[in-house]
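So the structure is just underneath, and the comments pick up after that.
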Amino acid sequence: MTGGWRWSIWLSILVGVGLASTLHLAVGAKSIPWNDVWQALLAYDPTNADHSVIRGSRLPRLWVAMVVGACLGLAGTVMQAVGDNPLADPGILGINSGAALFVVIGLLVLPGNDMSMIPLFAFSGALVAAIGVMLLAGRTPNPVRLTLSGAMMAALFGAITAILLLLDQQGLDSLRRWLTGSLGISGSNLPTWLWPYVAAGMLLCLVNVRALNAYRLGAQVASSMGVNLLRMRLLSLVAVVLLSGCAVALAGPIGFVGLVVPHAARLLVGHDLRQLLLATPLLGGLLLVLADVVARTLVSPYELNTGIVTALIGGPVFVALVLRKLK
Amino acid sequence: MSRWLTTPRRCPGLPWVGRPIDVLAALALLLVLTGLTLYAASVGSYTTSITQLWQSLFSAEATAAQANVLWELRLPRILLAILGGAAMALAGVLMQSLTRNPLAAPGLVGVEAGASVTMLLILVLWPQALPLSLYPLAALLGGLAVALFIVALSWRGGIAPLRLILVGVGLTAMLGAVADLLITYGNIDRVESALMWLGGSLHRSDWPQVQSLLIWLLVAGLPLLFCHRQLNLLQLGEGVALSRGLNTPLIMLLLLLCSVTLTAATVANIGVMTFVGLVAPHLARQLCGDRHGALLPLSALFGAVLVLLGDTLGRALLPPLQLPAGLVVAIIGAPYLLVLLARQRNR
Amino acid sequence: MFKARTLPDSAALALGWTRFAVNPHARQTALAPEPGGRWRCGSNSSVYMLKAMGLQLQFDGLKVLDDISLTIPEGCFTALIGANGCGKTTLLNVLARMLRPASGDVLLQGKPHVQLSRRDLARQIALLPQRTASPAGITVRELVMQGRYPWQSWWQQWSDADQQAVDRAVALADVGKLLDRTLTSLSGGQLQRCWIAMTLAQETPVILLDEPTTFLDIAHQIALLELLAELRDQGRTVVAVLHDLNQAARYADQLVMLRQGKVHAQGTPAEVFTPANLKAVFDLDAHILIDPHSGDPLCVPASPARIRELDSQVAL
């Protein structure tokens with residue numbers, strides 16, 4: 001598929017997103033019928049209890065799910081493009097763990113409920129992890145080495161996080177849930193602080209699109225076509241750090257979304273990065289919203305953490321990918 | 001002089017070759033280990049001096065309290081640390097040599113994840129289902145089952161290192177999610193003890209565990225010391241090894257089984273200590289390269305030293321809080337490993 | 001005449017004898033000297049070391065070996081040539097029993113080689129694959145020592161016979177000065193000689209080499225081929241996949257041309273190295289010249305552009 005826009009596919013993606021969102025708003029500990037959901041969105045009635053549930057708790061959660069899914073999907077696409085590695089994902093490569101560790105440090109170190117500095121901690125953690133993985137993995141694009149480096153960094157950060165949690169027993173309970181990737185626990189003012197960073201990350205991706213497309217042909221060919229490789233890598237690094245840092249700050253480390261979404265997007269819209277960069281946020285949001293629906297309804301009235309659901313789905317998908325691609 | 005030390009030679013009359021420098025390194029490590037053992041036996045919330053140690057060990061004049069501390073608390077703990085470190089290090093060498101990848105850890109084939117999930121299932125959901133003495137066996141079986149599943153999934157006329165590694169990573173992540181599930185929704189007391197156990201902690205050591213680990217180490221670890229020629233040959237490439245007469249698929253499977261058994265036994269008795277299996281072989285490789293005749297014993301010694309050091313530091317740093325040995329080893333070992341691998345990255 | 005074959009292996013080795021050195025069949029039946037004084041194998045030799053019969057092998061539905069039958073005469077240098085992807089490496093791997101053919105047999109001195117244990121086979125056939133791994137920190141001496149693996153066991157890991165075999169191999173491959181260097185510090189040519197030394201230390205009557213000259217510069221290529229010819233003169237059977245046609249035609253006693261998984265031609269270079277065969281196997285238009293010094297055939301590819309240029313000059 002070279003450049004043509006298949007409108008039917010895009011239309012079905014958008015419709016899918018819309019349906020999933022409505023489903024997300026409708027289900028939960030209390031099932032709310034569809035027309036009530038529409039009314040809550042369009043003709044808000046403050047006295048209706050259902051409407052306040054939708055507006056007050058479910059709608060914010062839906063936004064968070066869409067934003068986190070979009071960020072992770074985009075970060076995964078960029079990582080897979082720059083690393084030339086179909087198995088890259090912020091979770092597998094330890095970036096999420098690094099961001100989570102630094103957020104834990106931030107929460108333990110900062111007094112009170114000042115959430116505005118948390119994203120900065122997340123970004124620095126993601127940056128440290130990304131640099132560590134790049135140092136370990138080396139110059140040649142070797143998917144196995146990259147994956148293993150990431151696994152090692154993730155294990156390392158996990159170990160440090162575990163020690164920190166042992167030292168601070170009270171923090172254990174609330175942080176535990178957050179550390180498995182939970183969409184329900186995020187202060188309501190956190191998303192406001194994050195919009196500029198998310199926007200900046202997405203903008204950087206857009207700026208990089210042509211370079212990334214050229215890079216698909218290989219580093220030397222791209223460089224002979226005039227692509228500034230250093231600038232491309234730097235911009236991609238910053239974009240990935242911003243996007244995955246925002247995702248972790250919002251919802252804790254959620255893995256596998258960045259792995260699965262780019263592959264699914266490639267199946268639908270092809271390999272052209274311009275279309276991929278448009279499709280992956282949508283599909284990422286879709287995936288995470290659906291995962292959240294599953295998380296909330298599977299063991300109702302309890303709630304599974306979304307990160308657990310994505311790992312349970314994403315793990316087998318990853319294994320299937322490996323078995324199919326590596327003959 | 002250095003040429004004399006680094007050239008393989010044999011004692012006249014004996015049918016084996018080795019390098020004198022490797023023998024010296026092994027002796028030096030043994031000395032370090034002995035010193036560390038003495039230090040570890042004397043440190044703790046009840047400090048004993050060396051003379052008191054000597055008395056408890058060899059004479060009948062020691063007080064009952066001293067003897068108790070030594071024999072019931074410290075000695076099993078020290079021995080378990082040494083044996084566990086050696087077992088994990090051997091498992092790590094095997095994994096790295098079989099996959100020819102310096103970043104392969106013993107937990108790659110899901111043994112640790114499997115054993116952890118099994119233990120968590122038991123500890124959190126059905127604490128009364130099994131007697132305490134059967135816990136290690138259950139963890140062992142769980143770890144083995146997952147490892148065999150991963151090997152079977154990635155089997156392709158033999159062990160394909162690439163597929164094995166990647167399938168292992170994916171399934172380990174999935175099992176990690178299941179473990180997270182159990183941790184998040186379980187009773188917090190049981191979960192805390194499970195977390196301590198998962199961090200690689202020796203705080204519940206006793207003699208039956210020492211016995212069990214010793215037996216597994218002898219069964220799966222000792223034969224390894226005789227497989228060094230095969231491992232050396234495997235490093236040259238599977239094609240080369242096959243054409244020199246090595247039955248490559250069989251040997252790789254057997255060695256993988258040994259690695260899995262050693263890891264499972266350690267996880268069952270001590271808990272998860274991934275980094276020992278990653279770091280100890282690298283430390284040993286700095287001394288002797290890929291010569292497995294020396295690499296295997298030196299890694300085992302390094303592993304024992306690392307875990308004993310980690311456990312002693314974990315006990316001594318912030319009393320009365322006991323940091324799990326596995327986590328301390330991770331913190332000490334990982335920066336060293338990062339620097340080492342970063343320097344080698346262009347290979 | 002006292003044949004080393006009747007002694008047990010260890011005794012023969014301990015006495016410093018090697019099988020092929022006193023092989024009564026060498027230099028008697030299959031060989032006849034050429035006018036230039038060089039020993040050459042006759043194409044009608046009835047003494048064969050390896051014989052492949054009806055080999056078939058498929059990868060992913062593609063027929064890589066399609067009913068291949070050929071004989072490798074004893075004490076000769078056989079070169080396998082053919083275009084990329086015609087099955088040369090696969091054939092070599094099947095001969096060395098690294099791959100199992102879907103059907104067909106390989107006979108080693110009359111017996112199917114699947115009947116031998118891996119270790120016994122390794123004492124007869126040594127294969128040097130095209131790509132090898134260089135582990136860190138291993139010296140050349142230790143690499144060559146590992147070639148003795150098929151002759152060792154748990155309790156007998158190093159003997160005087162092993163040491164002598166290694167010394168002989170080192171002398172033959174001329175790597176004596178490199179013994180204490182690590183593999184990663186060697187150049188391409190030196191490294192290849194060290195791998196050859198390791199293969200020689202295995203002391204097998206048959207040596208198979210997969211593209212041994214690929215990563216070497218021209219001087220090293222010639223040196224390697226001269227070494228292989230010397231091995232052949234000592235009575236070993238050498239089979240090599242070569243990609244340089246002229247080198248193959250010069251050094252080989254028997255040339256086997258493979259095309260799309262089948263044997264297209266098999267025989268001495270004089271018989272087989274013809275423009276018709278070259279066109280069929282390589283799709284190459286070439287002339288065959290005879291080297292005035294050695295009498296070996298030499299192929300020179302035709303160049304239509306050059307001929308047109310010359311014609312246009314003549315026309316003027």
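Note on naming: chains are A, B, ... as they come in the structure tokens, residues start from 1 per chain, ligands start from 1 in the order shown.
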**OP:** Find the residues near Leu156 of chain A: any atom within 12 Å, counting only C-alpha atoms, skip ones fewer than 2 places away on the same chain, and give them as a ChimeraX atom specification.
**Re:** /A:93-95,97-98,101,129,132-133,149-154,158-163 /B:199,273-275,278,326-335,337-338
**OP:** Among the residues of segment 81-287 of chain C, find those DSSP assigns to strand (DSSP E or B) from the backbone and print them as number ranges by chain.
**Re:** C: 81-82, 103-108, 111-112, 125-128, 139, 182, 206-210, 237-241, 254-259, 262-267, 286-287
Residues as selected, C-alpha atoms, written as an mmCIF file, in the first residue's frame, can you do that?
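And here's part_6.cif as it stands now:
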data_model
loop_
_atom_site.group_PDB
_atom_site.id
_atom_site.type_symbol
_atom_site.label_atom_id
_atom_site.label_comp_id
_atom_site.auth_asym_id
_atom_site.auth_seq_id
_atom_site.Cartn_x
_atom_site.Cartn_y
_atom_site.Cartn_z
ATOM 1 C CA ILE C 81 31.171 -24.704 -7.882
ATOM 2 C CA GLY C 82 27.895 -23.183 -8.898
ATOM 3 C CA SER C 103 15.909 -39.433 0.902
ATOM 4 C CA GLY C 104 19.153 -40.842 -0.415
ATOM 5 C CA ASP C 105 22.311 -42.128 1.194
ATOM 6 C CA VAL C 106 25.858 -41.059 1.692
ATOM 7 C CA LEU C 107 28.426 -43.831 1.808
ATOM 8 C CA LEU C 108 31.731 -43.351 3.523
ATOM 9 C CA LYS C 111 29.292 -47.970 4.511
ATOM 10 C CA PRO C 112 26.330 -45.615 5.052
ATOM 11 C CA ILE C 125 35.288 -36.198 8.308
ATOM 12 C CA ALA C 126 36.076 -32.665 9.417
ATOM 13 C CA LEU C 127 33.984 -29.735 8.204
ATOM 14 C CA LEU C 128 34.978 -26.093 8.373
ATOM 15 C CA THR C 139 44.141 -17.931 22.243
ATOM 16 C CA THR C 182 43.797 -13.995 20.986
ATOM 17 C CA VAL C 206 38.472 -36.253 4.693
ATOM 18 C CA ILE C 207 38.344 -32.466 4.989
ATOM 19 C CA LEU C 208 35.328 -30.462 3.839
ATOM 20 C CA LEU C 209 35.591 -26.686 3.561
ATOM 21 C CA ASP C 210 32.758 -24.296 2.891
ATOM 22 C CA THR C 237 40.629 -36.180 0.520
ATOM 23 C CA VAL C 238 39.743 -32.503 0.259
ATOM 24 C CA VAL C 239 36.354 -31.164 -0.819
ATOM 25 C CA ALA C 240 35.936 -27.416 -0.997
ATOM 26 C CA VAL C 241 33.206 -25.060 -2.137
ATOM 27 C CA GLN C 254 37.740 -33.026 -9.891
ATOM 28 C CA LEU C 255 35.261 -30.265 -10.563
ATOM 29 C CA VAL C 256 31.582 -30.653 -9.720
ATOM 30 C CA MET C 257 29.239 -28.075 -11.204
ATOM 31 C CA LEU C 258 25.903 -27.686 -9.447
ATOM 32 C CA ARG C 259 22.893 -26.028 -10.943
ATOM 33 C CA LYS C 262 21.328 -30.949 -9.549
ATOM 34 C CA VAL C 263 24.793 -32.034 -10.624
ATOM 35 C CA HIS C 264 25.272 -30.479 -14.033
ATOM 36 C CA ALA C 265 28.749 -31.797 -14.731
ATOM 37 C CA GLN C 266 31.388 -33.767 -12.909
ATOM 38 C CA GLY C 267 34.929 -34.552 -14.020
ATOM 39 C CA ALA C 286 33.211 -16.881 -21.593
ATOM 40 C CA HIS C 287 36.206 -18.068 -23.544
#
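We find atom CA of Ser42 of chain B and atom CA of Leu313 of chain B to be spaced 12.8 Å apart.
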**OP:** List every residue of segment 40-111 of chain A that DSSP, applied to the backbone of this structure, places in helix (DSSP H, G or I), and write the result as a VMD selection string.
**Re:** chain A and resid 40 to 42 49 to 83 95 to 109
Chain B near chain A within 8 Å: what's each residue's closest atom pair and its distance in Å to one decimal, counting only C-alpha atoms, ordered by chain then ascending residue number, as CSV?
residue,atom,partner,partner_atom,distance
B:Asn101,CA,A:Arg145,CA,7.8
B:Leu103,CA,A:Leu148,CA,6.0
B:Ala104,CA,A:Leu148,CA,6.9
B:Ser154,CA,A:Leu323,CA,7.2
B:Leu162,CA,A:Val144,CA,6.9
B:Arg163,CA,A:Leu326,CA,6.6
B:Ile165,CA,A:Val144,CA,7.5
B:Leu166,CA,A:Val322,CA,6.7
B:Val167,CA,A:Val319,CA,5.2
B:Val169,CA,A:Ala151,CA,7.7
B:Gly170,CA,A:Gly315,CA,5.1
B:Leu171,CA,A:Gly315,CA,5.9
B:Ala173,CA,A:Gly315,CA,6.4
B:Met174,CA,A:Gly315,CA,5.0
B:Ala177,CA,A:Ile308,CA,5.0
B:Val178,CA,A:Ile308,CA,7.1
B:Asp180,CA,A:Thr180,CA,6.6
B:Leu181,CA,A:Ile308,CA,6.8
B:Thr184,CA,A:Arg177,CA,6.2
B:Gly199,CA,A:Ala159,CA,7.9
B:Leu323,CA,A:Ile163,CA,7.4
B:Leu327,CA,A:Ala159,CA,5.7
B:Ala330,CA,A:Leu156,CA,6.5
B:Ile331,CA,A:Ile160,CA,7.1
B:Ala334,CA,A:Leu156,CA,6.9
B:Leu338,CA,A:Leu136,CA,6.7
B:Leu341,CA,A:Leu136,CA,5.9
B:Ala342,CA,A:Leu136,CA,5.0
B:Arg345,CA,A:Gly138,CA,4.7
B:Asn346,CA,A:Gly138,CA,6.1
**OP:** Enumerate as JSON, numbers by chain the residues belonging to chain C that approach chain B to within 8 Å, with only C-alpha atoms taken into account.
**Re:** {"C": [96, 98, 118, 119, 120, 121, 122, 123, 125, 126, 127, 128, 129, 132, 133, 134, 135, 136, 137, 138, 142, 146, 147, 149, 150, 154, 155, 156, 157, 158, 159, 180, 202]}
Residue subset to file, keeping C-alpha atoms, as a short mmCIF file (atom, residue, chain, number, x, y, z; two decimals), in the first residue's frame:
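In the end it all went to again.cif:
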data_model
loop_
_atom_site.label_atom_id
_atom_site.label_comp_id
_atom_site.auth_asym_id
_atom_site.auth_seq_id
_atom_site.Cartn_x
_atom_site.Cartn_y
_atom_site.Cartn_z
CA ALA C 96 29.18 -34.19 6.75
CA MET C 98 24.99 -32.06 9.67
CA ARG C 118 28.97 -38.91 15.84
CA ARG C 119 32.39 -39.32 17.32
CA ASP C 120 33.54 -41.92 14.83
CA LEU C 121 32.25 -39.78 12.00
CA ALA C 122 34.18 -36.81 13.40
CA ARG C 123 37.31 -38.90 13.28
CA ILE C 125 35.29 -36.20 8.31
CA ALA C 126 36.08 -32.67 9.42
CA LEU C 127 33.98 -29.73 8.20
CA LEU C 128 34.98 -26.09 8.37
CA PRO C 129 31.78 -24.03 8.02
CA THR C 132 32.47 -19.32 12.67
CA ALA C 133 32.17 -17.58 16.00
CA SER C 134 35.19 -16.16 17.77
CA PRO C 135 34.74 -16.35 21.51
CA ALA C 136 36.47 -13.75 23.62
CA GLY C 137 39.79 -14.35 25.25
CA ILE C 138 40.61 -17.65 23.55
CA GLU C 142 43.49 -23.21 22.71
CA GLN C 146 39.87 -27.98 20.63
CA GLY C 147 40.16 -29.71 17.31
CA TYR C 149 37.76 -33.25 20.71
CA PRO C 150 36.78 -36.45 18.84
CA TRP C 154 36.16 -37.73 30.09
CA TRP C 155 39.18 -39.25 31.68
CA GLN C 156 41.60 -38.80 28.84
CA GLN C 157 41.50 -35.13 28.10
CA TRP C 158 45.00 -34.58 26.91
CA SER C 159 47.65 -37.01 25.83
CA ASP C 180 49.60 -16.96 22.09
CA GLN C 202 41.35 -33.29 13.99
#
**OP:** Would you mind listing what lies within 9 Å of Gln192 of chain C as a PyMOL selection string, with only C-alpha atoms counted and same-chain residues fewer than 5 positions away left out?
**Re:** chain C and resi 187+197+212-213+215-216+224
**OP:** Take atom CA of Ile68 of chain C and atom CA of Leu50 of chain C and report the distance between them in Å, one decimal.
**Re:** 13.0 Å
